[in-house]
Amino acid sequence: MEYNTDRTQLHMPEYGRLIQQLVERCKELPTKEERNEMCHAIVDFMGQRNPTLRDEENYRHKLWDHLFILANFDLDVDSPYPIPTKDQRMTEPKKLDYPVLQGEFKFYGKSILQLIEMAIELEEGEEKEALIEVIANNMKKSYNIYNKEHVTDDVIFRHLKELSKDRLDLTSIESLEKSKIYYSTSRNKNQNQNQKYPGSSDHNNRNRQKNQQNKNRKK
């Protein structure tokens with residue numbers, strides 16, 4: 001019985017053992033012409049085994065790069081593309097820069113920072129005020145979900161002021177529940193409810209009156 005530990009290492013497991021063996025066989029061919037011919041056949045086969053690459057730009061170039069990786073960069077053939085080196089393969093990718101949120105503010109997330117920058121750039125007016133209040137309401141939800149405790153509006157106002165470096169200030173309103181956007185949203189909701197169920201409040205009042213009358217008769 002042959003164990004995987006006794007076999008040649010798979011440099012790209014997604015292509016499987018068969019293609020790895022074909023590459024090893026190609027390396028053993030005596031002439032460059034034979035190796036070139038077999039390499040083209042292997043690359044075509046690799047494209048069939050990995051069809052998702054066809055949707056990518058320069059997918060043939062990537063297949064040839066994969067071929068040299070499978071050969072552990074030890075393959076003497078004429079490639080239609082620049083031959084990659086082992087040093088290029090071992091180079092570590094650059095680290096991504098993540099937005100830095102100071103200690104207690106990390107749970108607000110990147111989207112809140114983006115909205116804050118957007119609000120700062122807006123000209124003074126109702127649109128800017130509405131966006132600031134939307135930001136504050138979302139900050140309050142994020143705080144409550146992350147910390148699993150209720151937070152007062154003055155804490156949110158303080159955090160917003162610190163995150164915006166004193167460029168956004170909501171201390172002029174008493175609470176988020178009394179902000180313009182809260183009232184406008186509630187008013188629109190009530191209007192939509194009345195439009196969807198016209199006369200619903202009158203209907204409820206009549207039902208209450210009938211129930212009271214029935215109770216009086218039973219007495």
# chains A, B, ... in the order shown; residues from 1 in each chain; ligands from 1
>>> closest_atom_pairs(of="region 78-107 of chain A", to="region 54-69 of chain A", cutoff="12 Å", atoms="only C-alpha atoms", output="Markdown table")
| residue | atom | partner | partner_atom | distance |
| --- | --- | --- | --- | --- |
| A:Asp78 | CA | A:Trp64 | CA | 10.8 |
| A:Ser79 | CA | A:Trp64 | CA | 7.5 |
| A:Pro80 | CA | A:His61 | CA | 8.2 |
| A:Tyr81 | CA | A:His61 | CA | 6.4 |
| A:Pro82 | CA | A:Asp65 | CA | 8.7 |
| A:Ile83 | CA | A:Asp65 | CA | 7.2 |
| A:Pro84 | CA | A:Asp65 | CA | 6.5 |
| A:Thr85 | CA | A:Phe68 | CA | 8.6 |
| A:Lys86 | CA | A:Ile69 | CA | 8.1 |
| A:Asp87 | CA | A:Ile69 | CA | 11.5 |
| A:Gln88 | CA | A:Ile69 | CA | 10.8 |
| A:Arg89 | CA | A:Ile69 | CA | 8.2 |
| A:Met90 | CA | A:Ile69 | CA | 11.0 |
>>> write_last_selection(atoms="N, CA and C atoms", output="short mmCIF file (atom, residue, chain, number, x, y, z; two decimals), in the first residue's frame")
data_model
loop_
_atom_site.label_atom_id
_atom_site.label_comp_id
_atom_site.auth_asym_id
_atom_site.auth_seq_id
_atom_site.Cartn_x
_atom_site.Cartn_y
_atom_site.Cartn_z
N ASP A 78 10.05 26.40 -22.77
CA ASP A 78 9.84 27.74 -23.32
C ASP A 78 8.43 28.19 -22.97
N SER A 79 8.32 29.13 -22.07
CA SER A 79 7.02 29.62 -21.63
C SER A 79 6.61 30.85 -22.44
N PRO A 80 5.34 30.98 -22.81
CA PRO A 80 4.88 32.18 -23.52
C PRO A 80 4.79 33.40 -22.62
N TYR A 81 5.05 33.20 -21.32
CA TYR A 81 4.97 34.30 -20.36
C TYR A 81 6.24 34.32 -19.51
N PRO A 82 6.51 35.45 -18.86
CA PRO A 82 7.69 35.50 -17.97
C PRO A 82 7.62 34.39 -16.93
N ILE A 83 8.73 33.69 -16.74
CA ILE A 83 8.76 32.55 -15.81
C ILE A 83 8.89 33.07 -14.37
N PRO A 84 7.97 32.71 -13.49
CA PRO A 84 8.05 33.16 -12.10
C PRO A 84 9.20 32.48 -11.37
N THR A 85 9.64 33.10 -10.32
CA THR A 85 10.73 32.53 -9.51
C THR A 85 10.21 32.12 -8.15
N LYS A 86 10.97 31.29 -7.48
CA LYS A 86 10.57 30.82 -6.16
C LYS A 86 10.56 31.96 -5.15
N ASP A 87 11.46 32.93 -5.32
CA ASP A 87 11.50 34.08 -4.41
C ASP A 87 10.22 34.89 -4.50
N GLN A 88 9.68 35.04 -5.71
CA GLN A 88 8.42 35.76 -5.87
C GLN A 88 7.29 35.03 -5.16
N ARG A 89 7.32 33.72 -5.24
CA ARG A 89 6.28 32.90 -4.61
C ARG A 89 6.33 33.02 -3.09
N MET A 90 7.53 33.15 -2.53
CA MET A 90 7.69 33.18 -1.08
C MET A 90 7.53 34.57 -0.50
#
>>> residues_around(residues="region 140-148 of chain A", least_positions_apart="4", cutoff="7 Å", atoms="only C-alpha atoms", output="list in words")
Phe107, Tyr108, Ala136 and Ile156 of chain A
>>> write_last_selection(atoms="C-alpha atoms", output="CSV table (one decimal), in the first residue's frame")
chain,number,residue,atom,x,y,z
A,107,PHE,CA,-17.7,48.5,18.3
A,108,TYR,CA,-19.0,51.4,16.2
A,136,ALA,CA,-26.3,59.0,16.4
A,156,ILE,CA,-23.7,59.0,22.4
>>> select_by_dssp(residues="region 72-181 of chain A", states="helix (DSSP H, G or I)", output="ChimeraX atom specification")
/A:86-90,103-121,126-147,153-163,176-178,180-181
